[in-house]
file target.tsv (TSV, C-alpha atoms and all ligand atoms)
chain	number	residue	atom	x	y	z
X	858	MET	CA	40.63	14.45	0.97
X	859	ASN	CA	43.62	12.14	1.28
X	860	GLU	CA	44.95	9.92	-1.46
X	861	LYS	CA	43.78	6.71	0.11
X	862	ILE	CA	40.16	7.87	0.24
X	863	GLN	CA	40.39	9.06	-3.35
X	864	LYS	CA	41.67	5.66	-4.38
X	865	VAL	CA	38.78	3.92	-2.64
X	866	HIS	CA	36.29	6.30	-4.29
X	867	LYS	CA	37.78	5.45	-7.70
X	868	LYS	CA	37.48	1.76	-6.90
X	869	ILE	CA	33.80	2.26	-5.97
X	870	GLU	CA	33.13	4.03	-9.28
X	871	MET	CA	34.87	1.27	-11.20
X	872	GLU	CA	33.08	-1.57	-9.45
X	873	LEU	CA	29.70	0.14	-9.90
X	874	SER	CA	30.27	0.48	-13.62
X	875	LYS	CA	31.02	-3.26	-13.79
X	876	ILE	CA	27.80	-4.32	-12.05
X	877	LYS	CA	25.57	-1.61	-13.51
X	878	GLN	CA	23.60	-3.81	-15.94
X	879	ASP	CA	23.17	-6.67	-13.46
X	880	ILE	CA	21.85	-4.22	-10.87
X	881	ILE	CA	19.33	-2.79	-13.35
X	882	ASP	CA	18.25	-6.31	-14.35
X	883	THR	CA	17.80	-7.23	-10.68
X	884	SER	CA	15.68	-4.12	-10.10
X	885	LEU	CA	13.46	-4.99	-13.09
X	886	ASP	CA	13.22	-8.58	-11.86
X	887	LEU	CA	11.99	-7.39	-8.44
X	888	HIS	CA	9.62	-4.92	-10.09
X	889	ASN	CA	8.12	-7.76	-12.16
X	890	LYS	CA	7.52	-9.94	-9.12
X	891	PRO	CA	6.06	-7.66	-6.45
X	892	GLU	CA	5.65	-9.25	-3.00
X	893	THR	CA	3.80	-7.65	-0.10
X	894	ALA	CA	5.09	-7.03	3.43
X	895	MET	CA	6.72	-10.07	5.04
X	896	GLU	CA	6.02	-12.22	1.96
X	897	GLU	CA	9.12	-11.11	0.05
X	898	HIS	CA	10.51	-14.62	-0.48
X	899	TYR	CA	11.70	-14.14	-4.05
X	900	ALA	CA	13.42	-10.84	-3.27
X	901	HIS	CA	15.01	-12.40	-0.17
X	902	SER	CA	16.36	-15.27	-2.23
X	903	ILE	CA	17.90	-13.26	-5.07
X	904	LEU	CA	19.39	-10.56	-2.80
X	905	THR	CA	20.99	-13.04	-0.38
X	906	LYS	CA	22.28	-15.12	-3.31
X	907	TRP	CA	23.94	-12.04	-4.85
X	908	LEU	CA	25.54	-11.02	-1.55
X	909	LYS	CA	26.75	-14.55	-0.84
X	910	ASN	CA	28.45	-14.59	-4.25
X	911	GLU	CA	30.12	-11.32	-3.25
X	912	GLY	CA	31.67	-12.99	-0.22
X	913	PHE	CA	29.26	-11.64	2.38
X	914	SER	CA	28.34	-14.05	5.17
X	915	ILE	CA	24.56	-14.31	5.39
X	916	THR	CA	22.48	-14.66	8.54
X	917	THR	CA	18.82	-15.40	7.90
X	918	PRO	CA	16.17	-15.42	9.19
X	919	VAL	CA	16.84	-12.71	11.73
X	920	ALA	CA	14.43	-11.37	14.39
X	921	ASP	CA	12.20	-14.38	13.59
X	922	LEU	CA	11.39	-12.78	10.24
X	923	ASN	CA	11.80	-15.25	7.39
X	924	THR	CA	12.42	-12.57	4.76
X	925	ALA	CA	14.89	-10.53	6.83
X	926	PHE	CA	18.66	-10.99	6.61
X	927	VAL	CA	22.01	-9.59	7.59
X	928	ALA	CA	24.88	-9.86	5.09
X	929	LYS	CA	28.33	-9.08	6.50
X	930	LYS	CA	31.75	-8.43	5.02
X	931	GLY	CA	34.93	-7.32	6.76
X	932	SER	CA	35.52	-7.11	10.48
X	933	GLY	CA	35.88	-4.72	13.37
X	934	LYS	CA	34.82	-1.11	13.68
X	935	PRO	CA	33.28	0.98	12.30
X	936	VAL	CA	30.22	-0.99	11.22
X	937	ILE	CA	28.38	0.59	8.29
X	938	ALA	CA	24.97	-0.73	7.23
X	939	PHE	CA	23.13	-0.23	3.98
X	940	LEU	CA	19.44	-0.96	4.47
X	941	LEU	CA	17.47	-2.76	1.77
X	942	GLU	CA	13.68	-2.58	1.54
X	943	TYR	CA	11.93	-4.81	-1.00
X	944	ASP	CA	8.23	-5.04	-0.16
X	945	ALA	CA	5.56	-3.93	-2.61
X	946	LEU	CA	2.00	-2.72	-2.04
X	947	PRO	CA	-1.12	-4.88	-2.24
X	948	GLN	CA	-2.70	-4.87	-5.73
X	949	ILE	CA	-0.59	-2.08	-7.25
X	950	GLY	CA	2.88	-3.62	-6.98
X	951	HIS	CA	6.08	-1.58	-6.60
X	952	ALA	CA	4.23	1.75	-6.42
X	953	CYS	CA	6.62	2.88	-3.65
X	954	GLY	CA	9.71	1.96	-5.69
X	955	HIS	CA	11.29	-0.34	-3.10
X	956	ASN	CA	12.85	-2.34	-5.96
X	957	LEU	CA	15.16	0.68	-6.31
X	958	ILE	CA	15.90	0.84	-2.57
X	959	ALA	CA	16.86	-2.84	-2.60
X	960	THR	CA	19.11	-2.65	-5.63
X	961	GLY	CA	20.62	0.74	-4.72
X	962	GLY	CA	21.61	-0.74	-1.33
X	963	LEU	CA	22.81	-3.89	-3.05
X	964	ALA	CA	25.00	-1.88	-5.43
X	965	ALA	CA	26.43	0.30	-2.64
X	966	SER	CA	27.27	-2.66	-0.38
X	967	THR	CA	28.76	-4.61	-3.28
X	968	ALA	CA	30.99	-1.72	-4.38
X	969	LEU	CA	32.16	-0.82	-0.86
X	970	GLY	CA	32.55	-4.51	-0.05
X	971	ARG	CA	34.85	-4.97	-3.06
X	972	ALA	CA	36.90	-1.94	-1.99
X	973	LEU	CA	37.27	-3.55	1.43
X	974	ASP	CA	38.60	-6.75	-0.20
X	975	ASN	CA	41.95	-5.10	-0.88
X	976	GLY	CA	42.69	-5.23	2.85
X	977	GLU	CA	43.90	-1.63	2.82
X	978	PHE	CA	41.45	-0.48	5.43
X	979	GLU	CA	39.45	-1.86	8.34
X	980	GLY	CA	35.80	-2.05	9.15
X	981	THR	CA	32.59	-3.94	8.51
X	982	VAL	CA	30.06	-3.47	5.71
X	983	LEU	CA	26.57	-4.80	6.30
X	984	ALA	CA	23.64	-5.12	3.93
X	985	ILE	CA	20.59	-5.50	6.14
X	986	GLY	CA	17.42	-6.83	4.56
X	987	THR	CA	14.52	-4.99	6.17
X	988	PRO	CA	11.18	-6.48	5.09
X	989	GLY	CA	7.67	-5.18	5.67
X	990	GLU	CA	8.21	-1.42	5.59
X	991	GLU	CA	4.66	-0.99	4.32
X	992	GLY	CA	2.80	-1.39	7.58
X	993	ALA	CA	4.53	-4.30	9.28
X	994	GLY	CA	7.43	-2.41	10.90
X	995	GLY	CA	10.17	-4.86	9.95
X	996	LYS	CA	12.97	-2.51	11.01
X	997	ILE	CA	11.39	-1.95	14.42
X	998	ILE	CA	11.11	-5.70	14.99
X	999	GLU	CA	14.76	-6.12	13.94
X	1000	LEU	CA	15.82	-3.18	16.11
X	1001	GLU	CA	14.09	-4.65	19.16
X	1002	ALA	CA	15.61	-8.08	18.47
X	1003	GLY	CA	19.13	-6.59	18.52
X	1004	VAL	CA	19.84	-6.90	14.77
X	1005	PHE	CA	21.18	-3.32	14.74
X	1006	ASP	CA	23.32	-3.72	17.87
X	1007	GLY	CA	26.86	-2.51	17.21
X	1008	VAL	CA	25.94	-0.73	13.94
X	1009	ASP	CA	27.55	2.72	13.78
X	1010	ALA	CA	25.70	4.23	10.82
X	1011	CYS	CA	22.75	3.34	8.58
X	1012	LEU	CA	22.46	4.50	4.97
X	1013	MET	CA	19.51	4.18	2.63
X	1014	PHE	CA	17.34	6.32	0.36
X	1015	HIS	CA	13.79	6.52	-0.89
X	1016	PRO	CA	12.57	7.23	-4.45
X	1017	ASN	CA	10.74	10.52	-4.98
X	1018	ASP	CA	9.22	12.55	-7.80
X	1019	GLN	CA	10.44	15.92	-9.12
X	1020	ILE	CA	13.13	16.73	-6.55
X	1021	THR	CA	16.04	15.15	-4.72
X	1022	ILE	CA	16.42	16.24	-1.10
X	1023	PRO	CA	19.09	15.13	1.38
X	1024	TRP	CA	16.67	14.73	4.28
X	1025	ARG	CA	13.07	15.29	5.33
X	1026	HIS	CA	10.90	14.86	8.39
X	1027	LEU	CA	8.61	11.85	8.81
X	1028	THR	CA	5.46	11.59	10.87
X	1029	ALA	CA	5.06	9.06	13.65
X	1030	ASN	CA	2.35	6.54	12.84
X	1031	ALA	CA	0.18	3.94	14.61
X	1032	HIS	CA	-1.45	1.20	12.53
X	1033	LEU	CA	-4.70	-0.03	14.11
X	1034	SER	CA	-7.32	-2.65	13.36
X	1035	ILE	CA	-10.83	-1.73	14.53
X	1036	LYS	CA	-13.08	-4.80	14.85
X	1037	TYR	CA	-16.82	-4.72	15.64
X	1038	PHE	CA	-18.77	-7.75	16.77
X	1039	GLY	CA	-22.59	-7.64	16.40
X	1040	LYS	CA	-25.33	-10.17	15.78
X	1041	SER	CA	-26.59	-11.41	12.40
X	1042	ALA	CA	-30.28	-11.54	11.45
X	1043	HIS	CA	-32.41	-11.28	8.32
X	1044	THR	CA	-32.45	-7.58	7.47
X	1045	ALA	CA	-36.12	-7.56	6.42
X	1046	SER	CA	-37.85	-10.09	8.65
X	1047	HIS	CA	-35.74	-10.05	11.84
X	1048	GLY	CA	-34.02	-6.66	11.85
X	1049	GLU	CA	-34.88	-5.97	15.45
X	1050	GLU	CA	-32.98	-9.07	16.61
X	1051	GLY	CA	-29.73	-8.02	14.93
X	1052	LYS	CA	-26.86	-5.81	16.01
X	1053	ASN	CA	-25.20	-4.17	13.05
X	1054	ALA	CA	-21.40	-4.20	13.15
X	1055	LEU	CA	-21.21	-2.22	9.91
X	1056	SER	CA	-23.39	0.55	11.38
X	1057	ALA	CA	-20.91	0.78	14.24
X	1058	LEU	CA	-18.00	0.98	11.83
X	1059	ILE	CA	-19.67	3.70	9.75
X	1060	GLN	CA	-20.31	5.69	12.93
X	1061	PHE	CA	-16.66	5.26	13.83
X	1062	PHE	CA	-15.61	6.74	10.49
X	1063	VAL	CA	-18.07	9.63	10.87
X	1064	ALA	CA	-16.77	10.32	14.38
X	1065	THR	CA	-13.13	10.35	13.22
X	1066	ASP	CA	-14.10	12.64	10.32
X	1067	MET	CA	-15.42	15.06	12.97
X	1068	LEU	CA	-12.33	14.58	15.10
X	1069	ARG	CA	-10.26	15.96	12.20
X	1070	GLN	CA	-11.51	19.46	13.12
X	1071	HIS	CA	-9.54	19.21	16.33
X	1072	ILE	CA	-6.21	17.76	15.28
X	1073	PRO	CA	-3.06	19.67	14.25
X	1074	GLU	CA	-2.71	20.23	10.52
X	1075	THR	CA	0.39	18.06	10.48
X	1076	SER	CA	-1.59	15.06	11.81
X	1077	ARG	CA	-3.47	12.57	9.67
X	1078	LEU	CA	-6.32	10.09	10.23
X	1079	ASN	CA	-6.95	7.62	7.41
X	1080	GLY	CA	-8.62	4.24	7.17
X	1081	ILE	CA	-10.28	1.68	4.96
X	1082	ILE	CA	-13.07	-0.83	5.60
X	1083	THR	CA	-11.64	-4.30	5.09
X	1084	LYS	CA	-14.79	-6.22	6.03
X	1085	GLY	CA	-18.31	-4.83	5.91
X	1086	GLY	CA	-20.67	-7.79	5.77
X	1087	ASP	CA	-21.50	-10.71	3.50
X	1088	ALA	CA	-24.86	-9.98	1.89
X	1089	PRO	CA	-27.34	-7.11	1.91
X	1090	ASN	CA	-30.04	-9.33	3.45
X	1091	ILE	CA	-27.91	-10.23	6.47
X	1092	ILE	CA	-27.26	-7.76	9.29
X	1093	PRO	CA	-23.42	-7.79	9.41
X	1094	GLU	CA	-22.30	-9.49	12.60
X	1095	TYR	CA	-18.71	-8.54	11.96
X	1096	ALA	CA	-17.05	-5.48	10.43
X	1097	GLU	CA	-13.44	-4.42	10.39
X	1098	ALA	CA	-11.29	-1.44	9.42
X	1099	GLU	CA	-7.61	-0.71	9.19
X	1100	PHE	CA	-6.74	2.72	10.42
X	1101	LEU	CA	-3.63	4.94	10.54
X	1102	VAL	CA	-3.06	7.64	13.14
X	1103	ARG	CA	-0.20	10.01	12.28
X	1104	ALA	CA	1.29	12.94	14.17
X	1105	LEU	CA	4.64	14.68	14.47
X	1106	THR	CA	5.82	12.66	17.47
X	1107	GLN	CA	5.24	9.23	18.94
X	1108	GLU	CA	3.86	10.94	22.07
X	1109	LYS	CA	1.28	12.87	20.06
X	1110	VAL	CA	0.32	9.69	18.21
X	1111	LYS	CA	-0.35	7.99	21.53
X	1112	GLU	CA	-2.61	10.88	22.63
X	1113	MET	CA	-4.49	10.77	19.33
X	1114	VAL	CA	-4.92	7.01	19.50
X	1115	LYS	CA	-6.82	7.53	22.79
X	1116	LYS	CA	-9.24	9.89	21.02
X	1117	VAL	CA	-9.68	7.46	18.13
X	1118	GLU	CA	-10.36	4.68	20.63
X	1119	ALA	CA	-13.06	6.85	22.24
X	1120	CYS	CA	-14.68	7.28	18.80
X	1121	ALA	CA	-14.63	3.50	18.37
X	1122	GLU	CA	-16.10	2.83	21.81
X	1123	GLY	CA	-18.84	5.44	21.39
X	1124	ALA	CA	-19.96	3.76	18.18
X	1125	ALA	CA	-20.04	0.37	19.91
X	1126	LEU	CA	-22.13	1.74	22.75
X	1127	SER	CA	-24.74	3.29	20.50
X	1128	THR	CA	-25.13	0.16	18.34
X	1129	GLY	CA	-24.99	-2.46	21.07
X	1130	THR	CA	-21.97	-4.05	19.46
X	1131	LYS	CA	-18.59	-4.85	20.96
X	1132	VAL	CA	-15.35	-3.38	19.69
X	1133	ARG	CA	-11.81	-4.69	19.77
X	1134	ILE	CA	-8.92	-2.40	18.87
X	1135	GLU	CA	-5.59	-3.97	17.95
X	1136	GLN	CA	-2.27	-2.40	17.13
X	1137	ASN	CA	-0.92	-4.08	13.98
X	1138	SER	CA	2.69	-3.03	14.27
X	1139	PRO	CA	4.88	-1.06	16.66
X	1140	VAL	CA	4.41	2.71	16.37
X	1141	TYR	CA	6.58	4.18	13.60
X	1142	ALA	CA	8.72	6.99	15.03
X	1143	GLU	CA	9.63	10.43	13.77
X	1144	MET	CA	12.93	10.85	11.88
X	1145	LYS	CA	16.28	12.11	13.12
X	1146	ASN	CA	18.44	12.81	10.05
X	1147	ASN	CA	22.18	12.93	10.44
X	1148	LYS	CA	23.11	16.13	8.58
X	1149	MET	CA	26.86	15.41	8.52
X	1150	MET	CA	26.12	12.23	6.58
X	1151	ALA	CA	23.24	13.68	4.52
X	1152	ASN	CA	25.35	16.63	3.36
X	1153	ARG	CA	28.31	14.42	2.53
X	1154	MET	CA	26.04	12.12	0.51
X	1155	ALA	CA	24.48	15.16	-1.24
X	1156	GLY	CA	27.91	16.43	-2.30
X	1157	TYR	CA	28.83	13.11	-3.89
X	1158	LEU	CA	25.41	12.85	-5.52
X	1159	GLU	CA	25.85	16.27	-7.13
X	1160	GLN	CA	29.16	15.11	-8.56
X	1161	THR	CA	27.24	12.45	-10.50
X	1162	GLY	CA	25.09	15.15	-12.10
X	1163	GLU	CA	22.00	14.85	-9.89
X	1164	VAL	CA	20.52	18.14	-8.71
X	1165	VAL	CA	20.01	18.25	-4.95
X	1166	THR	CA	17.65	20.86	-3.51
X	1167	ALA	CA	17.18	22.11	0.03
X	1168	PRO	CA	14.52	20.19	1.93
X	1169	VAL	CA	11.12	21.83	2.38
X	1170	ILE	CA	10.11	20.98	5.89
X	1171	LYS	CA	6.44	21.70	6.26
X	1172	GLY	CA	3.07	20.05	6.68
X	1173	GLY	CA	2.28	16.37	6.93
X	1174	ALA	CA	4.52	13.67	5.61
X	1175	GLY	CA	4.57	9.92	5.26
X	1176	SER	CA	5.98	7.58	7.84
X	1177	SER	CA	8.61	4.87	7.81
X	1178	ASP	CA	10.09	2.41	10.25
X	1179	ILE	CA	13.49	3.97	9.46
X	1180	GLY	CA	12.41	6.65	11.97
X	1181	ASN	CA	12.83	4.20	14.87
X	1182	VAL	CA	16.29	3.21	13.63
X	1183	SER	CA	17.28	6.87	13.24
X	1184	LEU	CA	16.60	7.62	16.91
X	1185	LYS	CA	19.15	4.94	17.94
X	1186	ILE	CA	21.84	5.10	15.23
X	1187	PRO	CA	23.13	7.90	12.96
X	1188	THR	CA	21.02	7.45	9.82
X	1189	ILE	CA	20.29	9.00	6.45
X	1190	HIS	CA	17.16	8.51	4.35
X	1191	PRO	CA	17.39	11.00	1.46
X	1192	TYR	CA	14.73	11.28	-1.25
X	1193	LEU	CA	15.86	10.68	-4.82
X	1194	LYS	CA	14.11	12.06	-7.88
X	1195	ILE	CA	13.26	9.18	-10.22
X	1196	THR	CA	10.91	11.15	-12.48
X	1197	PRO	CA	10.69	14.82	-13.47
X	1198	ASN	CA	6.87	14.62	-13.43
X	1199	ALA	CA	4.57	15.33	-10.49
X	1200	VAL	CA	3.62	11.76	-9.59
X	1201	ALA	CA	1.99	10.71	-6.32
X	1202	GLY	CA	3.68	8.00	-4.29
X	1203	HIS	CA	1.64	4.78	-4.07
X	1204	SER	CA	0.13	5.33	-7.53
X	1205	ILE	CA	0.20	3.37	-10.78
X	1206	GLU	CA	2.22	6.23	-12.31
X	1207	PHE	CA	4.87	5.95	-9.58
X	1208	ARG	CA	5.05	2.19	-10.13
X	1209	GLU	CA	5.74	2.78	-13.82
X	1210	ALA	CA	8.35	5.45	-13.01
X	1211	ALA	CA	10.13	2.99	-10.68
X	1212	LYS	CA	11.19	0.81	-13.63
X	1213	SER	CA	12.24	3.59	-16.01
X	1214	PRO	CA	15.80	4.10	-17.33
X	1215	GLU	CA	15.84	7.51	-15.56
X	1216	ALA	CA	15.01	5.84	-12.24
X	1217	HIS	CA	17.77	3.29	-12.71
X	1218	GLN	CA	20.39	5.91	-13.56
X	1219	ALA	CA	19.38	7.96	-10.50
X	1220	MET	CA	19.48	4.84	-8.31
X	1221	LEU	CA	23.02	4.00	-9.52
X	1222	ASN	CA	24.12	7.58	-8.84
X	1223	MET	CA	22.67	7.33	-5.35
X	1224	ALA	CA	24.42	3.99	-4.79
X	1225	GLU	CA	27.72	5.72	-5.63
X	1226	ALA	CA	27.01	8.58	-3.22
X	1227	LEU	CA	26.00	6.19	-0.43
X	1228	ALA	CA	29.03	3.93	-0.98
X	1229	LYS	CA	31.43	6.90	-0.93
X	1230	THR	CA	29.84	8.26	2.24
X	1231	GLY	CA	30.21	4.79	3.75
X	1232	ALA	CA	33.86	4.71	2.67
X	1233	ASP	CA	34.49	8.05	4.37
X	1234	LEU	CA	33.03	6.70	7.61
X	1235	LEU	CA	35.40	3.72	7.45
X	1236	LEU	CA	38.50	5.65	6.38
X	1237	ASP	CA	38.27	9.05	8.05
X	1238	SER	CA	38.10	8.74	11.82
X	1239	GLU	CA	37.67	12.50	12.32
X	1240	TYR	CA	34.64	12.50	10.06
X	1241	PHE	CA	33.28	9.41	11.80
X	1242	LYS	CA	33.64	11.15	15.17
X	1243	SER	CA	31.88	14.26	13.91
X	1244	VAL	CA	28.93	12.12	12.78
X	1245	GLN	CA	28.73	10.51	16.21
X	1246	LYS	CA	29.01	13.88	17.91
X	1247	GLU	CA	26.15	15.33	15.88
X	1248	PHE	CA	24.05	12.29	16.70
X	1249	ALA	CA	24.69	12.73	20.43
X	1250	GLU	CA	23.83	16.42	20.37
X	1251	SER	CA	20.84	16.58	17.99
X	1252	GLY	CA	17.18	15.59	18.00
X	1253	PRO	CA	14.52	14.58	15.47
X	1254	ASP	CA	13.46	16.89	12.62
X	1255	TYR	CA	10.08	18.59	12.79
X	1256	PRO	CA	8.44	21.07	10.43
X	1257	ALA	CA	8.48	24.69	11.55
B	1	ZN	ZN	5.26	3.32	0.68
B	2	ZN	ZN	8.34	3.38	0.50

call {"tool": "encode", "arguments": {"input": "target.tsv", "output": "structure tokens"}}
result
Amino acid sequence: MNEKIQKVHKKIEMELSKIKQDIIDTSLDLHNKPETAMEEHYAHSILTKWLKNEGFSITTPVADLNTAFVAKKGSGKPVIAFLLEYDALPQIGHACGHNLIATGGLAASTALGRALDNGEFEGTVLAIGTPGEEGAGGKIIELEAGVFDGVDACLMFHPNDQITIPWRHLTANAHLSIKYFGKSAHTASHGEEGKNALSALIQFFVATDMLRQHIPETSRLNGIITKGGDAPNIIPEYAEAEFLVRALTQEKVKEMVKKVEACAEGAALSTGTKVRIEQNSPVYAEMKNNKMMANRMAGYLEQTGEVVTAPVIKGGAGSSDIGNVSLKIPTIHPYLKITPNAVAGHSIEFREAAKSPEAHQAMLNMAEALAKTGADLLLDSEYFKSVQKEFAESGPDYPA
């Protein structure tokens, strides 16, 4: 590694140590005020304020999303983007730890941005605010609106329990609403005049339970009933479910959605109700991890004392809208251990882990690794080219 890069790495370490406490305080602040997908107004305001103070120019809203933003520092190529997620889950708060994603990205862009201030090297650092990861597909909306046009590499991470891995596969995912329309009537005196929308919905769930026998073991069908009637003495005229259809590829998701639709239509037919099926967000795509970037990040992360293990690529996995970005732009989305305990994502225990001192130290270490990887992309044109070459020649990651 040449002297110039080493100097920039030192600068990144120094700047991160200066902002460490403010970054932790910001993470705790976000954790205390959880906001659900596309409602992240508080997070949007404090993150953009911080970046503005750092000399980033802020564009917001972007892609017609009020809580999305692009913060930019520097000019010209390459263009390196750190992606910030900051939505929480309904009812249980930051049980996916996106407060750490936001502040890790904030720390990395701040440190690399300050290194850029010296004017010793060229390039652009972006911090892109990507709202609504939990179901609303914010990144896909931004991607389609051109927010990522001209970006050469995207860097972010996700909190994890027990192990840190440089990359992992993701499943493609369709988010559906299933709506049944029936006819209300008194359940005791006028039952024969009613058409029961809840009966249709229950049949739909039973049919999809049976469909599970015939799907690959890496696919997933999961749903909840969001509306099932108003009173036990009224035949429900309306019932509604939200439903997720996951498979290894977008193509397989589309095939499975057709089968799920057939389950929904069959239930409507047998109950005399009508069904409407809506897609709530664009389909989340599978993940293409850039190994040149993931391995470089992993090396820097190990230097901070974090233990990085080889990814276990098997079975089902969650989904994220970063998948869609990764198919268009070289991207990394490593998983960072924030607790040594076996803790399920989207649980109360994970929410508590996401505000722990261990989580914050790991997040700061990750910010350092991401910022240094970003610096290498800006300073080392051979490395930058090798990342682009891998992207051109490789495909998404699937379990064996
Ligand atoms: Zn989540
Ligand atoms: Zn998440």

call {"tool": "residues_near_point", "arguments": {"input": "target.tsv", "point": "(9.1, -5.7, -3.4)", "cutoff": "12 Å", "atoms": "all atoms listed in the file", "output": "tab-separated table (two decimals) with C-alpha atoms, keeping the file's coordinate frame"}}
result
chain	number	residue	atom	x	y	z
X	883	THR	CA	17.80	-7.23	-10.68
X	884	SER	CA	15.68	-4.12	-10.10
X	885	LEU	CA	13.46	-4.99	-13.09
X	886	ASP	CA	13.22	-8.58	-11.86
X	887	LEU	CA	11.99	-7.39	-8.44
X	888	HIS	CA	9.62	-4.92	-10.09
X	889	ASN	CA	8.12	-7.76	-12.16
X	890	LYS	CA	7.52	-9.94	-9.12
X	891	PRO	CA	6.06	-7.66	-6.45
X	892	GLU	CA	5.65	-9.25	-3.00
X	893	THR	CA	3.80	-7.65	-0.10
X	894	ALA	CA	5.09	-7.03	3.43
X	895	MET	CA	6.72	-10.07	5.04
X	896	GLU	CA	6.02	-12.22	1.96
X	897	GLU	CA	9.12	-11.11	0.05
X	898	HIS	CA	10.51	-14.62	-0.48
X	899	TYR	CA	11.70	-14.14	-4.05
X	900	ALA	CA	13.42	-10.84	-3.27
X	901	HIS	CA	15.01	-12.40	-0.17
X	903	ILE	CA	17.90	-13.26	-5.07
X	904	LEU	CA	19.39	-10.56	-2.80
X	924	THR	CA	12.42	-12.57	4.76
X	941	LEU	CA	17.47	-2.76	1.77
X	942	GLU	CA	13.68	-2.58	1.54
X	943	TYR	CA	11.93	-4.81	-1.00
X	944	ASP	CA	8.23	-5.04	-0.16
X	945	ALA	CA	5.56	-3.93	-2.61
X	946	LEU	CA	2.00	-2.72	-2.04
X	947	PRO	CA	-1.12	-4.88	-2.24
X	949	ILE	CA	-0.59	-2.08	-7.25
X	950	GLY	CA	2.88	-3.62	-6.98
X	951	HIS	CA	6.08	-1.58	-6.60
X	952	ALA	CA	4.23	1.75	-6.42
X	953	CYS	CA	6.62	2.88	-3.65
X	954	GLY	CA	9.71	1.96	-5.69
X	955	HIS	CA	11.29	-0.34	-3.10
X	956	ASN	CA	12.85	-2.34	-5.96
X	957	LEU	CA	15.16	0.68	-6.31
X	958	ILE	CA	15.90	0.84	-2.57
X	959	ALA	CA	16.86	-2.84	-2.60
X	960	THR	CA	19.11	-2.65	-5.63
X	986	GLY	CA	17.42	-6.83	4.56
X	987	THR	CA	14.52	-4.99	6.17
X	988	PRO	CA	11.18	-6.48	5.09
X	989	GLY	CA	7.67	-5.18	5.67
X	990	GLU	CA	8.21	-1.42	5.59
X	991	GLU	CA	4.66	-0.99	4.32
X	1208	ARG	CA	5.05	2.19	-10.13
X	1211	ALA	CA	10.13	2.99	-10.68

call {"tool": "residues_near_point", "arguments": {"input": "target.tsv", "point": "(10.8, -11.4, 11.0)", "cutoff": "10 Å", "atoms": "all atoms listed in the file", "output": "CSV table (one decimal) with C-alpha atoms, keeping the file's coordinate frame"}}
result
chain,number,residue,atom,x,y,z
X,895,MET,CA,6.7,-10.1,5.0
X,917,THR,CA,18.8,-15.4,7.9
X,918,PRO,CA,16.2,-15.4,9.2
X,919,VAL,CA,16.8,-12.7,11.7
X,920,ALA,CA,14.4,-11.4,14.4
X,921,ASP,CA,12.2,-14.4,13.6
X,922,LEU,CA,11.4,-12.8,10.2
X,923,ASN,CA,11.8,-15.2,7.4
X,924,THR,CA,12.4,-12.6,4.8
X,925,ALA,CA,14.9,-10.5,6.8
X,926,PHE,CA,18.7,-11.0,6.6
X,987,THR,CA,14.5,-5.0,6.2
X,988,PRO,CA,11.2,-6.5,5.1
X,989,GLY,CA,7.7,-5.2,5.7
X,993,ALA,CA,4.5,-4.3,9.3
X,994,GLY,CA,7.4,-2.4,10.9
X,995,GLY,CA,10.2,-4.9,10.0
X,996,LYS,CA,13.0,-2.5,11.0
X,998,ILE,CA,11.1,-5.7,15.0
X,999,GLU,CA,14.8,-6.1,13.9
X,1002,ALA,CA,15.6,-8.1,18.5

call {"tool": "closest_residue", "arguments": {"input": "target.tsv", "among": "X:Tyr1095, X:Tyr1192, X:Phe1100, X:Phe1248", "to": "ligand ZN 2 (chain B)", "atoms": "all atoms listed in the file"}}
result
X:Tyr1192

call {"tool": "closest_residue", "arguments": {"input": "target.tsv", "among": "X:Leu1055, X:Ile997, X:Lys930, X:His1032", "to": "Ala1124 in chain X", "atoms": "all atoms listed in the file"}}
result
X:Leu1055

call {"tool": "closest_residue", "arguments": {"input": "target.tsv", "among": "X:Gln863, X:Thr967, X:Thr916, X:Gln1160", "to": "Ala1228 in chain X", "atoms": "all atoms listed in the file"}}
result
X:Thr967

call {"tool": "closest_residue", "arguments": {"input": "target.tsv", "among": "X:Ser1046, X:Thr1128, X:Ser1251, X:Asn1017", "to": "ligand ZN 1 (chain B)", "atoms": "all atoms listed in the file"}}
result
X:Asn1017

call {"tool": "residues_around", "arguments": {"input": "target.tsv", "residues": "range 971-983 of chain X", "least_positions_apart": "5", "cutoff": "9 Å", "atoms": "only C-alpha atoms", "output": "MDAnalysis selection string"}}
result
chainID X and resid 861 865:866 868:869 872 911 913 927:940 966 1008 1231:1232 1235:1236

call {"tool": "residues_around", "arguments": {"input": "target.tsv", "residues": "His1047 in chain X", "least_positions_apart": "4", "cutoff": "12 Å", "atoms": "all atoms listed in the file", "output": "list in words"}}
result
Lys1040, Ser1041, Ala1042, His1043, Gly1051, Lys1052, Asn1090, Ile1091 and Ile1092 of chain X

call {"tool": "atom_distance", "arguments": {"input": "target.tsv", "atom1": "CA of Pro1168 in chain X", "atom2": "CA of Glu1108 in chain X"}}
result
24.6 Å

call {"tool": "atom_distance", "arguments": {"input": "target.tsv", "atom1": "CA of Ala968 in chain X", "atom2": "CA of Leu873 in chain X"}}
result
6.0 Å

call {"tool": "closest_residue", "arguments": {"input": "target.tsv", "among": "X:Thr1021, X:Phe1062, X:Ala1045, X:Asp1237", "to": "Gly1162 in chain X", "atoms": "all atoms listed in the file"}}
result
X:Thr1021

call {"tool": "atom_distance", "arguments": {"input": "target.tsv", "atom1": "CA of Ile876 in chain X", "atom2": "CA of Thr1196 in chain X"}}
result
22.9 Å

call {"tool": "residues_around", "arguments": {"input": "target.tsv", "residues": "range 1179-1185 of chain X", "least_positions_apart": "5", "cutoff": "6 Å", "atoms": "all atoms listed in the file", "output": "PyMOL selection string"}}
result
chain X and resi 1142-1145
